[in-house]
Structure formats: structure tokens, C-alpha cells
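Remarks on the structure that follows.
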Amino acid sequence: AAMVLLATGLLGSSGRAQPTKTQLDEADVVRAAMGLNSDLRAALLDQQQASEAVVAEDATYVPRLLLDTGVTHTETPRLSGDGTTVSSTDSIDVGSELQHTFPWGTALSLRVEGNRSSGSSQLATGTGQLGSPGPGYGILGRVSVTQPLLRGFGSEVGESSLRQAQLSRTSADRARDQVASQTLRDAL
């Protein structure tokens, strides 16, 4: 900005009309230099990206809740001595799972599922219902624990990605500060 003003001033003094001179103080020069510096903008974006990487890695150790449901309807035709029978089954499944990974490598999972199923059989001609077993209900619970023993055991290995992201953030912070300092120095 200072170079543009200097060039404008030199060109204006040799021309016919004298432009009005604008006085810039240090704060205006610094503000303009910081706002227009592409290296500083790139350093700020790198720093923001590194900060978000730390947030993403830290979220690895937050418990997750998964919910699922499913509805199934099946019809199966079969040949029999009385003709063709069609068996139908309706099933509703509901499940939830809580997952958590610990910094030392242990992965814990707790799952609970429930289902309801009912079925019927009838002749394909529609003349009669052969059977209709009542609804059946089921529930299933499962706990699983996974612990790596040979590779990936301990927080030194488990948190390595988080520490790497934190170091990248520190490096990006320092690079941003260096570019800002150089820009300020050059502007002043």
C-alpha cells in the first residue's frame, strides 16, 4: 500500500492536476499489510486446519451411541400335497450400541437388540389359513472388549495420532506468528 501511494504521488507531481494527499499512520499501514498478505492468510488457514485436526483426534476417545432398526417382510411359496402354500414372516428388529475407545488401546462395546417376529401360512388359492404362529419376541445383549496385546498396546501408541496433531498445531501456531511478525516488520 505504501508503494502504491508513493508511485501515485510521484506520478501525480509530474501531471497537470495535483491529487489530494492522504496521510497514513502506522496503524493504517499495518492493517492494510496484514489484510492483504497472502502468506499470512495461508498461515492462518494452516493453523485453523491443525486445530481442527486436534479436535478430530480428540473425538476418537468420546463414546459413541449407535441406534438401528429394521423391518423385514418375506413370502415363500412351497409346493405341498394340498397345493401351493405361501408362508409369510414379518420381523421388526431394534438395536442400540455404545462404543468407547480408550487411550491405551482398549475398545469396549455394549450392544442390546430386541426383535418381534410373526408368521403365517396359507394356501395360494386363498381358501384357508393353515397356521399362524403367534408373535415371538427375542432380546440379545452383547459386551465385547478388544485389547491389543502385541501391537498398539499402551497410551504411548494409542495417543500417538493425538500427539502428532497437537505438535502440528503448535508448529502451525509458530509459523503463523513468524509470518505475522515478518509482515509487521516489512510494513513498518
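Labeling convention for the C-alpha cells: chains A, B, ... as they appear, residues from 1 per chain, ligands from 1 in order of appearance.
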In segment 14-118 of chain A, DSSP helix (DSSP H, G or I) residues written as a ChimeraX atom specification: /A:14,26-36,38-61
Gly114 of chain A surroundings by only C-alpha atoms, 12 Å radius, close-in-sequence under 4 positions cut, as number ranges by chain: A: 67-70, 91-97, 136-142
Next, the residues of the selection above should be written as a PDB file, in the first residue's frame with C-alpha atoms.
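Now in out_8.pdb:
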ATOM      1  CA  LEU A  67     -29.086 -46.825  17.020  1.00  0.00           C
ATOM      2  CA  ASP A  68     -30.544 -49.051  14.308  1.00  0.00           C
ATOM      3  CA  THR A  69     -33.846 -50.574  13.332  1.00  0.00           C
ATOM      4  CA  GLY A  70     -35.078 -52.828  10.560  1.00  0.00           C
ATOM      5  CA  SER A  91     -39.973 -59.192  11.657  1.00  0.00           C
ATOM      6  CA  ILE A  92     -39.061 -55.956  13.424  1.00  0.00           C
ATOM      7  CA  ASP A  93     -35.548 -55.537  14.833  1.00  0.00           C
ATOM      8  CA  VAL A  94     -34.363 -52.694  17.073  1.00  0.00           C
ATOM      9  CA  GLY A  95     -30.836 -52.294  18.391  1.00  0.00           C
ATOM     10  CA  SER A  96     -28.546 -49.882  20.172  1.00  0.00           C
ATOM     11  CA  GLU A  97     -24.820 -49.982  20.737  1.00  0.00           C
ATOM     12  CA  GLY A 136     -42.253 -64.307  19.010  1.00  0.00           C
ATOM     13  CA  TYR A 137     -40.034 -61.930  20.936  1.00  0.00           C
ATOM     14  CA  GLY A 138     -36.332 -62.013  21.498  1.00  0.00           C
ATOM     15  CA  ILE A 139     -33.707 -59.927  23.231  1.00  0.00           C
ATOM     16  CA  LEU A 140     -29.968 -60.162  22.933  1.00  0.00           C
ATOM     17  CA  GLY A 141     -27.237 -58.426  24.890  1.00  0.00           C
ATOM     18  CA  ARG A 142     -23.567 -58.483  23.993  1.00  0.00           C
TER      19      ARG A 142
END
DSSP-assigned strand (DSSP E) members of segment 58-134 of chain A, reported as an MDAnalysis selection string: chainID A and resid 64:80 83:101 107:123 129:131
Gln164 of chain A environment, 12 Å, only C-alpha atoms, sequence neighbours closer than 3 positions dropped, as a PyMOL selection string: chain A and resi 50-51+53-54+57-58+156-161+167-171
Let's have the selection written as a CSV table (one decimal), in the first residue's frame, with all heavy atoms.
chain,number,residue,atom,x,y,z
A,50,ALA,N,-4.9,-27.3,11.5
A,50,ALA,CA,-4.2,-28.0,12.5
A,50,ALA,C,-5.0,-28.1,13.8
A,50,ALA,O,-5.0,-29.1,14.5
A,50,ALA,CB,-2.8,-27.4,12.8
A,51,SER,N,-5.7,-27.0,14.1
A,51,SER,CA,-6.5,-27.0,15.3
A,51,SER,C,-7.7,-28.0,15.2
A,51,SER,O,-8.1,-28.7,16.1
A,51,SER,CB,-7.1,-25.6,15.6
A,51,SER,OG,-6.0,-24.7,16.0
A,53,ALA,N,-7.7,-30.6,13.3
A,53,ALA,CA,-7.2,-32.0,13.3
A,53,ALA,C,-7.0,-32.5,14.8
A,53,ALA,O,-7.3,-33.6,15.1
A,53,ALA,CB,-5.8,-32.1,12.6
A,54,VAL,N,-6.7,-31.6,15.7
A,54,VAL,CA,-6.6,-31.9,17.1
A,54,VAL,C,-8.0,-32.3,17.6
A,54,VAL,O,-8.2,-33.2,18.4
A,54,VAL,CB,-6.0,-30.8,17.9
A,54,VAL,CG1,-6.1,-31.0,19.4
A,54,VAL,CG2,-4.5,-30.6,17.6
A,57,GLU,N,-8.9,-35.8,16.3
A,57,GLU,CA,-8.2,-36.8,17.0
A,57,GLU,C,-8.7,-37.0,18.4
A,57,GLU,O,-8.8,-38.1,19.0
A,57,GLU,CB,-6.7,-36.6,17.0
A,57,GLU,CG,-6.1,-36.9,15.7
A,57,GLU,CD,-6.2,-38.3,15.2
A,57,GLU,OE1,-6.2,-39.2,16.0
A,57,GLU,OE2,-6.3,-38.5,14.0
A,58,ASP,N,-9.0,-35.9,19.1
A,58,ASP,CA,-9.5,-35.9,20.5
A,58,ASP,C,-10.9,-36.6,20.5
A,58,ASP,O,-11.3,-37.2,21.5
A,58,ASP,CB,-9.6,-34.5,21.1
A,58,ASP,CG,-9.6,-34.5,22.6
A,58,ASP,OD1,-9.1,-35.5,23.2
A,58,ASP,OD2,-10.1,-33.6,23.2
A,156,GLU,N,1.1,-44.7,24.9
A,156,GLU,CA,2.1,-44.2,24.0
A,156,GLU,C,1.8,-44.4,22.6
A,156,GLU,O,2.0,-43.5,21.7
A,156,GLU,CB,3.5,-44.8,24.4
A,156,GLU,CG,4.6,-44.2,23.6
A,156,GLU,CD,6.0,-44.8,24.0
A,156,GLU,OE1,6.1,-45.0,25.2
A,156,GLU,OE2,6.8,-44.9,23.1
A,157,VAL,N,1.3,-45.6,22.2
A,157,VAL,CA,0.9,-45.9,20.9
A,157,VAL,C,-0.5,-45.4,20.6
A,157,VAL,O,-0.8,-44.8,19.5
A,157,VAL,CB,1.0,-47.4,20.6
A,157,VAL,CG1,0.4,-47.8,19.2
A,157,VAL,CG2,2.4,-47.9,20.8
A,158,GLY,N,-1.4,-45.6,21.5
A,158,GLY,CA,-2.8,-45.2,21.3
A,158,GLY,C,-3.1,-43.7,21.1
A,158,GLY,O,-3.9,-43.3,20.3
A,159,GLU,N,-2.3,-42.9,21.8
A,159,GLU,CA,-2.4,-41.4,21.7
A,159,GLU,C,-1.4,-40.8,20.7
A,159,GLU,O,-1.3,-39.6,20.6
A,159,GLU,CB,-2.3,-40.8,23.0
A,159,GLU,CG,-3.5,-41.1,24.0
A,159,GLU,CD,-3.3,-40.4,25.3
A,159,GLU,OE1,-2.2,-40.2,25.8
A,159,GLU,OE2,-4.3,-39.9,25.8
A,160,SER,N,-0.7,-41.6,19.9
A,160,SER,CA,0.3,-41.0,19.0
A,160,SER,C,-0.3,-40.1,18.0
A,160,SER,O,0.3,-39.0,17.7
A,160,SER,CB,1.1,-42.1,18.4
A,160,SER,OG,0.3,-42.9,17.6
A,161,SER,N,-1.4,-40.4,17.4
A,161,SER,CA,-2.1,-39.6,16.5
A,161,SER,C,-2.5,-38.2,17.1
A,161,SER,O,-2.4,-37.2,16.4
A,161,SER,CB,-3.3,-40.2,15.8
A,161,SER,OG,-2.9,-41.4,15.1
A,167,LEU,N,1.3,-31.5,18.0
A,167,LEU,CA,2.6,-30.9,17.5
A,167,LEU,C,2.4,-30.1,16.2
A,167,LEU,O,3.0,-29.1,16.0
A,167,LEU,CB,3.6,-32.0,17.4
A,167,LEU,CG,4.1,-32.6,18.7
A,167,LEU,CD1,5.0,-33.8,18.4
A,167,LEU,CD2,4.9,-31.6,19.5
A,168,SER,N,1.5,-30.6,15.3
A,168,SER,CA,1.3,-29.9,14.1
A,168,SER,C,0.6,-28.6,14.4
A,168,SER,O,0.9,-27.6,13.7
A,168,SER,CB,0.4,-30.8,13.2
A,168,SER,OG,1.1,-31.9,12.7
A,169,ARG,N,-0.3,-28.6,15.4
A,169,ARG,CA,-1.0,-27.3,15.7
A,169,ARG,C,0.0,-26.3,16.3
A,169,ARG,O,0.0,-25.1,15.9
A,169,ARG,CB,-2.1,-27.6,16.7
A,169,ARG,CG,-2.8,-26.3,17.1
A,169,ARG,CD,-3.9,-26.5,18.1
A,169,ARG,NE,-3.3,-27.1,19.3
A,169,ARG,CZ,-4.1,-27.6,20.3
A,169,ARG,NH1,-5.4,-27.5,20.3
A,169,ARG,NH2,-3.5,-28.1,21.4
A,170,THR,N,1.0,-26.8,17.1
A,170,THR,CA,2.0,-25.9,17.7
A,170,THR,C,2.9,-25.3,16.6
A,170,THR,O,3.2,-24.2,16.6
A,170,THR,CB,2.8,-26.7,18.7
A,170,THR,OG1,2.0,-27.2,19.8
A,170,THR,CG2,3.9,-25.8,19.4
A,171,SER,N,3.3,-26.2,15.7
A,171,SER,CA,4.1,-25.8,14.5
A,171,SER,C,3.4,-24.7,13.7
A,171,SER,O,3.9,-23.7,13.3
A,171,SER,CB,4.5,-27.0,13.7
A,171,SER,OG,5.2,-26.6,12.6
Using only C-alpha atoms, what table do you get, as a Markdown table, when you list each residue of segment 46-125 of chain A with an atom no more than 12 Å from segment 21-41 of chain A, its nearest pair of atoms, and their distance in Å rounded to one decimal, rows by chain then rising number?
| residue | atom | partner | partner_atom | distance |
| --- | --- | --- | --- | --- |
| A:Asp46 | CA | A:Arg41 | CA | 8.7 |
| A:Gln47 | CA | A:Arg41 | CA | 9.9 |
| A:Gln48 | CA | A:Arg41 | CA | 10.6 |
Residues as selected, N, CA, C and O atoms, written as a short mmCIF file (atom, residue, chain, number, x, y, z; two decimals), in the first residue's frame, can you do that?
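And here's result18.cif as it stands now:
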data_model
loop_
_atom_site.label_atom_id
_atom_site.label_comp_id
_atom_site.auth_asym_id
_atom_site.auth_seq_id
_atom_site.Cartn_x
_atom_site.Cartn_y
_atom_site.Cartn_z
N ASP A 46 -3.63 -22.70 7.68
CA ASP A 46 -2.88 -23.87 8.16
C ASP A 46 -3.07 -24.06 9.66
O ASP A 46 -3.24 -25.19 10.13
N GLN A 47 -3.05 -22.96 10.40
CA GLN A 47 -3.23 -23.03 11.84
C GLN A 47 -4.64 -23.51 12.17
O GLN A 47 -4.84 -24.33 13.07
N GLN A 48 -5.64 -23.04 11.44
CA GLN A 48 -7.02 -23.47 11.68
C GLN A 48 -7.19 -24.95 11.35
O GLN A 48 -7.85 -25.70 12.08
#
Closest of A:Val62, A:Gly105, A:Leu188, A:Gly83 to Leu150 of chain A - atom-to-atom distances counting only C-alpha atoms: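 Counting only C-alpha atoms, the residue closest to Leu150 of chain A is A:Gly105.
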Polymer residues at most 8 Å from Ser88 of chain A, only C-alpha atoms, same-chain spacing of 2 or more positions, as a VMD selection string: chain A and resid 73 to 76 86 90 119 to 121
Pull N, CA and C atoms from the residues just selected and write them as an mmCIF file, in the first residue's frame.
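Output contents, as saved in selection_19.cif:
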data_model
loop_
_atom_site.group_PDB
_atom_site.id
_atom_site.type_symbol
_atom_site.label_atom_id
_atom_site.label_comp_id
_atom_site.auth_asym_id
_atom_site.auth_seq_id
_atom_site.Cartn_x
_atom_site.Cartn_y
_atom_site.Cartn_z
ATOM 1 N N HIS A 73 -40.199 -58.186 5.659
ATOM 2 C CA HIS A 73 -41.377 -58.978 5.291
ATOM 3 C C HIS A 73 -40.942 -59.943 4.201
ATOM 4 N N THR A 74 -41.130 -61.229 4.433
ATOM 5 C CA THR A 74 -40.763 -62.230 3.424
ATOM 6 C C THR A 74 -41.960 -63.128 3.137
ATOM 7 N N GLU A 75 -42.070 -63.564 1.887
ATOM 8 C CA GLU A 75 -43.088 -64.532 1.472
ATOM 9 C C GLU A 75 -42.380 -65.641 0.711
ATOM 10 N N THR A 76 -42.677 -66.901 1.091
ATOM 11 C CA THR A 76 -42.013 -68.044 0.479
ATOM 12 C C THR A 76 -43.071 -69.032 0.002
ATOM 13 N N VAL A 86 -48.162 -70.546 0.821
ATOM 14 C CA VAL A 86 -47.314 -69.357 0.900
ATOM 15 C C VAL A 86 -47.106 -69.036 2.367
ATOM 16 N N ASP A 90 -43.059 -61.695 9.179
ATOM 17 C CA ASP A 90 -42.809 -60.279 9.442
ATOM 18 C C ASP A 90 -41.917 -60.176 10.661
ATOM 19 N N GLY A 119 -45.459 -65.014 11.852
ATOM 20 C CA GLY A 119 -45.545 -65.635 10.542
ATOM 21 C C GLY A 119 -46.906 -66.269 10.335
ATOM 22 N N SER A 120 -47.190 -66.576 9.079
ATOM 23 C CA SER A 120 -48.445 -67.262 8.740
ATOM 24 C C SER A 120 -48.208 -68.079 7.482
ATOM 25 N N SER A 121 -49.044 -69.118 7.300
ATOM 26 C CA SER A 121 -49.021 -69.952 6.104
ATOM 27 C C SER A 121 -50.444 -70.093 5.606
#
